[in-house]
Amino acid sequence: MTIDWWLLFEISLAGFGTGGLYALTGLAFVMIYKATRVVNIAIGEMLMISAYVFFAFSAGMGLPIWLAIPGALLVSGAFGALVERTMIRPMLGESPISSFMVTVGLSSILVGLVELIWTADQQRLPEFLPSKPIEIGEAFVSPKIFYGFWIAVLLIVVVLLVFRFWRGGVALRATASDQAAAYSVGINVPRVFSLAWVAAAMIAGVAGIVVGSIGGISSTMGVFGLSVLVVVIFGGLDSVLGALVGGLLVGLIEALTGFYIGGEYKILATFSLLVLILMLRPYGLFGTHEIERL
Amino acid sequence: MRIGSAKESYAADTALFDSTTQRVWIGLLAAALCAFPFVASEYWLYLACLVAINIASTTGLNLLTGYTGLVSLGQAAFMGLGAYTVAILQTRLGSPFVVNLLAGGGVAMLAGVLVGLPSLRVKGLYLAIATIAAGVIAHFMFSHFSSLTGGGSGLTVPPARFFGIELDDSFKLYWVIVPVTVLMLLGAVNLFRTRIGRAFIAIRDRDISAEVLGISLLHYKLLSFAISSFYAGVAGGLFAYFFRAVTPESFPLLMSIFFLAAVIVGGMGSILGSILGAVFMTLVPELLKLMVGWLPVSVFGGNAALILSPIRTIVFGSMIVLFLIFEPHGLAEVWRRIRRLFHLWPFRT
């Protein structure tokens, strides 16, 4: 059998397209984890909420797209702040398992809310990405995935720059590296926690709107979050670089298995990768190896 | 400890039920459990069986998560393995159900040890996520090894036979499910009076210190996984006999979350907590069903089923969150508080 290189290239591109979105959501996840040490399993559901809010603004209330997107992102940010204040802040100082379980509960609440308000049926988001097919050589890329990828890349770059140079971003990185030290130099750590959740919710919001416009929205959209979980475990929970590399790689692997073996093997491949990486490097590719002392 | 019950020997101090009052209450409870099927309606018997199955599985998860400190989101997968083993043995071989249940527990146990193997290197939340992988892989096996598992449509299980009697309704099944659950509960309670149980607790509290004290981490972590998934496997076997059908969709990730929620709501590291948690988490959805029935029809446009499932999901999630924030030691702690109130009355604690 000869390998059709253009076909392989085409599938890989599609894989990288989804991978970009994984990386973006992974970034939101890592941001929360680094700042607050909370493993947020509800990240997929936060994505879903933003997509539905966008759906309500654009299709439900008939707002134009350029108003609906910022509106949805603002609501997502406010929602992130609300979650942080009411659910995460009271868990400060509790064991990481407890705060993890709080986000498990949160994901359940969000799924229920979406089903209650919008029913469990699949909906379509209004089209806002250009629909002209993209051709690179002989390879053909779906325009939505193509633009989705570039939106993800752009946003990742912006976020990285902001957190490198903006004062609040520096405060966030300081808190992530040493909470007590951050306190002692006058950083308002609880505010940083809020900031991390708001920023992560908004980043997840962008990812949600793009994912929703590619594949439609439904109450099972949170499954996307499972793949993101694999991405961040793969790269290491506290590594931004890991999330980016892991995202692209998981996207690529999913696309390749999906095409060459079959769609139902996708999630199996992802999770086998997860088990493999955990056996070889329990802290992920780029995660910090915590040294335990008595 | 109860006021005014002086212990005069070590045997009395380590007894399972250490006071007369407690023994009387346990006796009353046993009598009530025996009398229950003769007075209860079919619906309540159904619920009682379901609660008993959930108690068995929740206890298993509590051994692992509450006592050993290893968080697992794979309990449903182990239950599934047990259920499928039982279903396959019952349809293919028709072997006695006690053998099937033990085999179901055994298969789940082996899988549990396999999943537990990384637990020495992989810790805390990394482990929790690794057990999600176990669930995904188990689901894949259930739906793809069609020749053995019947694929997506699953298997239909013929009723269990016990001395020639077909256990085909809740009344007859009650006499199997409840004793098995009680046995498993007794086993769990007794486990924590032995070295093994204490080693589990030591590992939970600080695993490195435990190792320094001479507790082999690999040995005891695997043992904990093995016992926990054995419980899940047997519970899964009972599940198969109770619902008489197993499909890959019977054991979703949500079910694992359900059991973890039951452990948290009940109280981590408490057998009483597993019982209370499982009862509470199983009965709340039923209560909701009743309450939705009372709502005026206009509220939901006449379609109760349509809003019942989302409301159930919301209540389920809120319960996890609220318990974690306001009552982190769970219902077992509430129970202890109430008991203390009665003991010490009119003084305050």
# chains A, B, ... in the order shown; residues from 1 in each chain; ligands from 1

call {"tool": "interface_residues", "arguments": {"of": "chain A", "to": "chain B", "cutoff": "8 Å", "atoms": "only C-alpha atoms", "output": "PyMOL selection string"}}
result
chain A and resi 39+87+90-91+96-98+100-113+115-116+229+233+267-268+271-272+274-275+278-279+282-283+293-294

call {"tool": "residues_around", "arguments": {"residues": "range 281-283 of chain B", "least_positions_apart": "4", "cutoff": "12 Å", "atoms": "only C-alpha atoms", "output": "mmCIF file with N, CA and C atoms, in the first residue's frame"}}
result
data_model
loop_
_atom_site.group_PDB
_atom_site.id
_atom_site.type_symbol
_atom_site.label_atom_id
_atom_site.label_comp_id
_atom_site.auth_asym_id
_atom_site.auth_seq_id
_atom_site.Cartn_x
_atom_site.Cartn_y
_atom_site.Cartn_z
ATOM 1 N N TRP B 44 -41.151 -0.056 46.752
ATOM 2 C CA TRP B 44 -40.183 0.129 47.840
ATOM 3 C C TRP B 44 -39.169 -0.994 47.874
ATOM 4 N N TYR B 46 -38.101 -2.577 45.252
ATOM 5 C CA TYR B 46 -37.196 -2.231 44.151
ATOM 6 C C TYR B 46 -36.148 -1.243 44.643
ATOM 7 N N LEU B 47 -36.622 -0.181 45.315
ATOM 8 C CA LEU B 47 -35.707 0.831 45.836
ATOM 9 C C LEU B 47 -34.742 0.233 46.846
ATOM 10 N N ALA B 48 -35.254 -0.663 47.705
ATOM 11 C CA ALA B 48 -34.397 -1.242 48.742
ATOM 12 C C ALA B 48 -33.263 -2.036 48.106
ATOM 13 N N CYS B 49 -33.589 -2.802 47.056
ATOM 14 C CA CYS B 49 -32.544 -3.572 46.382
ATOM 15 C C CYS B 49 -31.509 -2.645 45.762
ATOM 16 N N LEU B 50 -32.018 -1.598 45.100
ATOM 17 C CA LEU B 50 -31.118 -0.647 44.444
ATOM 18 C C LEU B 50 -30.201 0.007 45.474
ATOM 19 N N VAL B 51 -30.785 0.413 46.605
ATOM 20 C CA VAL B 51 -30.001 1.044 47.662
ATOM 21 C C VAL B 51 -28.930 0.078 48.152
ATOM 22 N N ALA B 52 -29.312 -1.203 48.343
ATOM 23 C CA ALA B 52 -28.347 -2.174 48.858
ATOM 24 C C ALA B 52 -27.181 -2.339 47.893
ATOM 25 N N ILE B 53 -27.482 -2.423 46.594
ATOM 26 C CA ILE B 53 -26.401 -2.560 45.602
ATOM 27 C C ILE B 53 -25.482 -1.350 45.669
ATOM 28 N N ASN B 54 -26.096 -0.157 45.743
ATOM 29 C CA ASN B 54 -25.287 1.056 45.783
ATOM 30 C C ASN B 54 -24.462 1.136 47.055
ATOM 31 N N ILE B 55 -25.027 0.643 48.170
ATOM 32 C CA ILE B 55 -24.259 0.653 49.418
ATOM 33 C C ILE B 55 -23.014 -0.209 49.252
ATOM 34 N N THR B 58 -20.535 1.674 47.068
ATOM 35 C CA THR B 58 -20.027 2.868 47.743
ATOM 36 C C THR B 58 -19.039 2.492 48.838
ATOM 37 N N MET B 255 -21.796 7.443 36.504
ATOM 38 C CA MET B 255 -22.043 6.498 37.583
ATOM 39 C C MET B 255 -20.859 6.506 38.562
ATOM 40 N N ILE B 257 -18.983 9.020 39.096
ATOM 41 C CA ILE B 257 -19.107 10.283 39.823
ATOM 42 C C ILE B 257 -20.184 10.143 40.896
ATOM 43 N N PHE B 258 -21.244 9.417 40.567
ATOM 44 C CA PHE B 258 -22.314 9.169 41.533
ATOM 45 C C PHE B 258 -21.751 8.524 42.790
ATOM 46 N N PHE B 259 -20.916 7.498 42.611
ATOM 47 C CA PHE B 259 -20.390 6.793 43.782
ATOM 48 C C PHE B 259 -19.425 7.673 44.568
ATOM 49 N N LEU B 260 -18.602 8.442 43.830
ATOM 50 C CA LEU B 260 -17.694 9.344 44.529
ATOM 51 C C LEU B 260 -18.502 10.376 45.314
ATOM 52 N N ALA B 261 -19.589 10.837 44.708
ATOM 53 C CA ALA B 261 -20.456 11.797 45.391
ATOM 54 C C ALA B 261 -21.066 11.160 46.627
ATOM 55 N N ALA B 262 -21.475 9.893 46.506
ATOM 56 C CA ALA B 262 -22.073 9.210 47.659
ATOM 57 C C ALA B 262 -21.056 9.109 48.791
ATOM 58 N N VAL B 263 -19.799 8.831 48.437
ATOM 59 C CA VAL B 263 -18.755 8.735 49.459
ATOM 60 C C VAL B 263 -18.577 10.086 50.143
ATOM 61 N N ILE B 264 -18.571 11.149 49.359
ATOM 62 C CA ILE B 264 -18.353 12.482 49.936
ATOM 63 C C ILE B 264 -19.541 12.918 50.769
ATOM 64 N N VAL B 265 -20.739 12.726 50.207
ATOM 65 C CA VAL B 265 -21.942 13.130 50.932
ATOM 66 C C VAL B 265 -22.074 12.326 52.219
ATOM 67 N N GLY B 266 -21.742 11.035 52.147
ATOM 68 C CA GLY B 266 -21.855 10.189 53.327
ATOM 69 C C GLY B 266 -20.777 10.502 54.338
ATOM 70 N N GLY B 273 -20.832 6.211 56.916
ATOM 71 C CA GLY B 273 -20.954 7.238 55.879
ATOM 72 C C GLY B 273 -21.310 6.641 54.533
ATOM 73 N N SER B 274 -20.684 5.507 54.181
ATOM 74 C CA SER B 274 -21.020 4.902 52.886
ATOM 75 C C SER B 274 -22.481 4.510 52.836
ATOM 76 N N ILE B 275 -22.975 3.975 53.976
ATOM 77 C CA ILE B 275 -24.384 3.557 53.994
ATOM 78 C C ILE B 275 -25.280 4.784 53.822
ATOM 79 N N LEU B 276 -25.031 5.783 54.679
ATOM 80 C CA LEU B 276 -25.890 6.977 54.624
ATOM 81 C C LEU B 276 -25.804 7.643 53.259
ATOM 82 N N GLY B 277 -24.567 7.751 52.734
ATOM 83 C CA GLY B 277 -24.382 8.418 51.449
ATOM 84 C C GLY B 277 -25.125 7.706 50.339
ATOM 85 N N LEU B 287 -37.195 11.243 45.392
ATOM 86 C CA LEU B 287 -37.912 12.318 46.061
ATOM 87 C C LEU B 287 -38.203 13.444 45.072
ATOM 88 N N LEU B 288 -37.198 13.727 44.228
ATOM 89 C CA LEU B 288 -37.364 14.784 43.222
ATOM 90 C C LEU B 288 -38.494 14.439 42.280
ATOM 91 N N LYS B 289 -38.545 13.151 41.900
ATOM 92 C CA LYS B 289 -39.593 12.708 40.985
ATOM 93 C C LYS B 289 -40.958 13.025 41.594
ATOM 94 N N LEU B 290 -41.076 12.726 42.888
ATOM 95 C CA LEU B 290 -42.323 13.020 43.589
ATOM 96 C C LEU B 290 -42.623 14.517 43.557
ATOM 97 N N ARG B 312 -32.519 16.737 38.057
ATOM 98 C CA ARG B 312 -31.792 15.724 38.800
ATOM 99 C C ARG B 312 -30.283 15.976 38.700
ATOM 100 N N THR B 313 -29.837 16.271 37.474
ATOM 101 C CA THR B 313 -28.408 16.530 37.296
ATOM 102 C C THR B 313 -27.965 17.733 38.114
ATOM 103 N N VAL B 315 -29.384 19.043 40.861
ATOM 104 C CA VAL B 315 -29.426 18.754 42.297
ATOM 105 C C VAL B 315 -28.240 17.889 42.693
ATOM 106 N N PHE B 316 -27.946 16.929 41.855
ATOM 107 C CA PHE B 316 -26.822 16.034 42.068
ATOM 108 C C PHE B 316 -25.521 16.830 42.206
ATOM 109 N N GLY B 317 -25.280 17.728 41.263
ATOM 110 C CA GLY B 317 -24.071 18.546 41.311
ATOM 111 C C GLY B 317 -24.066 19.469 42.510
ATOM 112 N N MET B 319 -25.457 19.092 45.288
ATOM 113 C CA MET B 319 -25.268 18.359 46.523
ATOM 114 C C MET B 319 -23.788 18.132 46.783
ATOM 115 N N ILE B 320 -23.052 17.767 45.747
ATOM 116 C CA ILE B 320 -21.600 17.573 45.913
ATOM 117 C C ILE B 320 -20.976 18.868 46.408
ATOM 118 N N LEU B 331 -22.573 13.135 55.934
ATOM 119 C CA LEU B 331 -23.719 12.779 56.765
ATOM 120 C C LEU B 331 -23.298 12.027 58.019
#

call {"tool": "residues_around", "arguments": {"residues": "Ala332 in chain B", "least_positions_apart": "2", "cutoff": "7 Å", "atoms": "only C-alpha atoms", "output": "mmCIF file with C-alpha atoms, in the first residue's frame"}}
result
data_model
loop_
_atom_site.group_PDB
_atom_site.id
_atom_site.type_symbol
_atom_site.label_atom_id
_atom_site.label_comp_id
_atom_site.auth_asym_id
_atom_site.auth_seq_id
_atom_site.Cartn_x
_atom_site.Cartn_y
_atom_site.Cartn_z
ATOM 1 C CA GLY B 266 -21.855 10.189 53.327
ATOM 2 C CA GLY B 267 -18.450 10.901 54.781
ATOM 3 C CA LEU B 272 -21.602 4.382 58.296
ATOM 4 C CA GLY B 273 -20.954 7.238 55.879
ATOM 5 C CA HIS B 329 -17.240 15.284 56.810
ATOM 6 C CA GLY B 330 -20.568 14.298 55.371
ATOM 7 C CA VAL B 334 -24.208 14.936 61.112
ATOM 8 C CA TRP B 335 -25.274 11.588 62.482
ATOM 9 C CA ARG B 336 -22.554 11.707 65.170
#

call {"tool": "closest_residue", "arguments": {"among": "B:Gly164, B:Gly116, B:Gly82, B:Pro96", "to": "Leu217 in chain B", "atoms": "only C-alpha atoms"}}
result
B:Gly116

call {"tool": "atom_distance", "arguments": {"atom1": "CA of Gly44 in chain A", "atom2": "CA of Val141 in chain A"}}
result
25.2 Å

call {"tool": "residues_around", "arguments": {"residues": "range 73-86 of chain A", "least_positions_apart": "4", "cutoff": "9 Å", "atoms": "only C-alpha atoms", "output": "JSON, numbers by chain"}}
result
{"A": [46, 47, 49, 50, 53, 54, 68, 69, 90, 106, 193, 194, 195, 196, 197, 198, 199, 200, 201, 202, 203, 204, 205, 206]}

call {"tool": "select_by_dssp", "arguments": {"residues": "range 89-208 of chain A", "states": "strand (DSSP E or B)", "output": "ChimeraX atom specification"}}
result
/A:123,134-136,139-141

call {"tool": "residues_around", "arguments": {"residues": "range 13-29 of chain A", "least_positions_apart": "6", "cutoff": "7 Å", "atoms": "only C-alpha atoms", "output": "PyMOL selection string"}}
result
chain A and resi 40+43+141+145-146+148-149+152-153+156+200+203-204+207+228+231-232+240+243-244+247-252+254-255
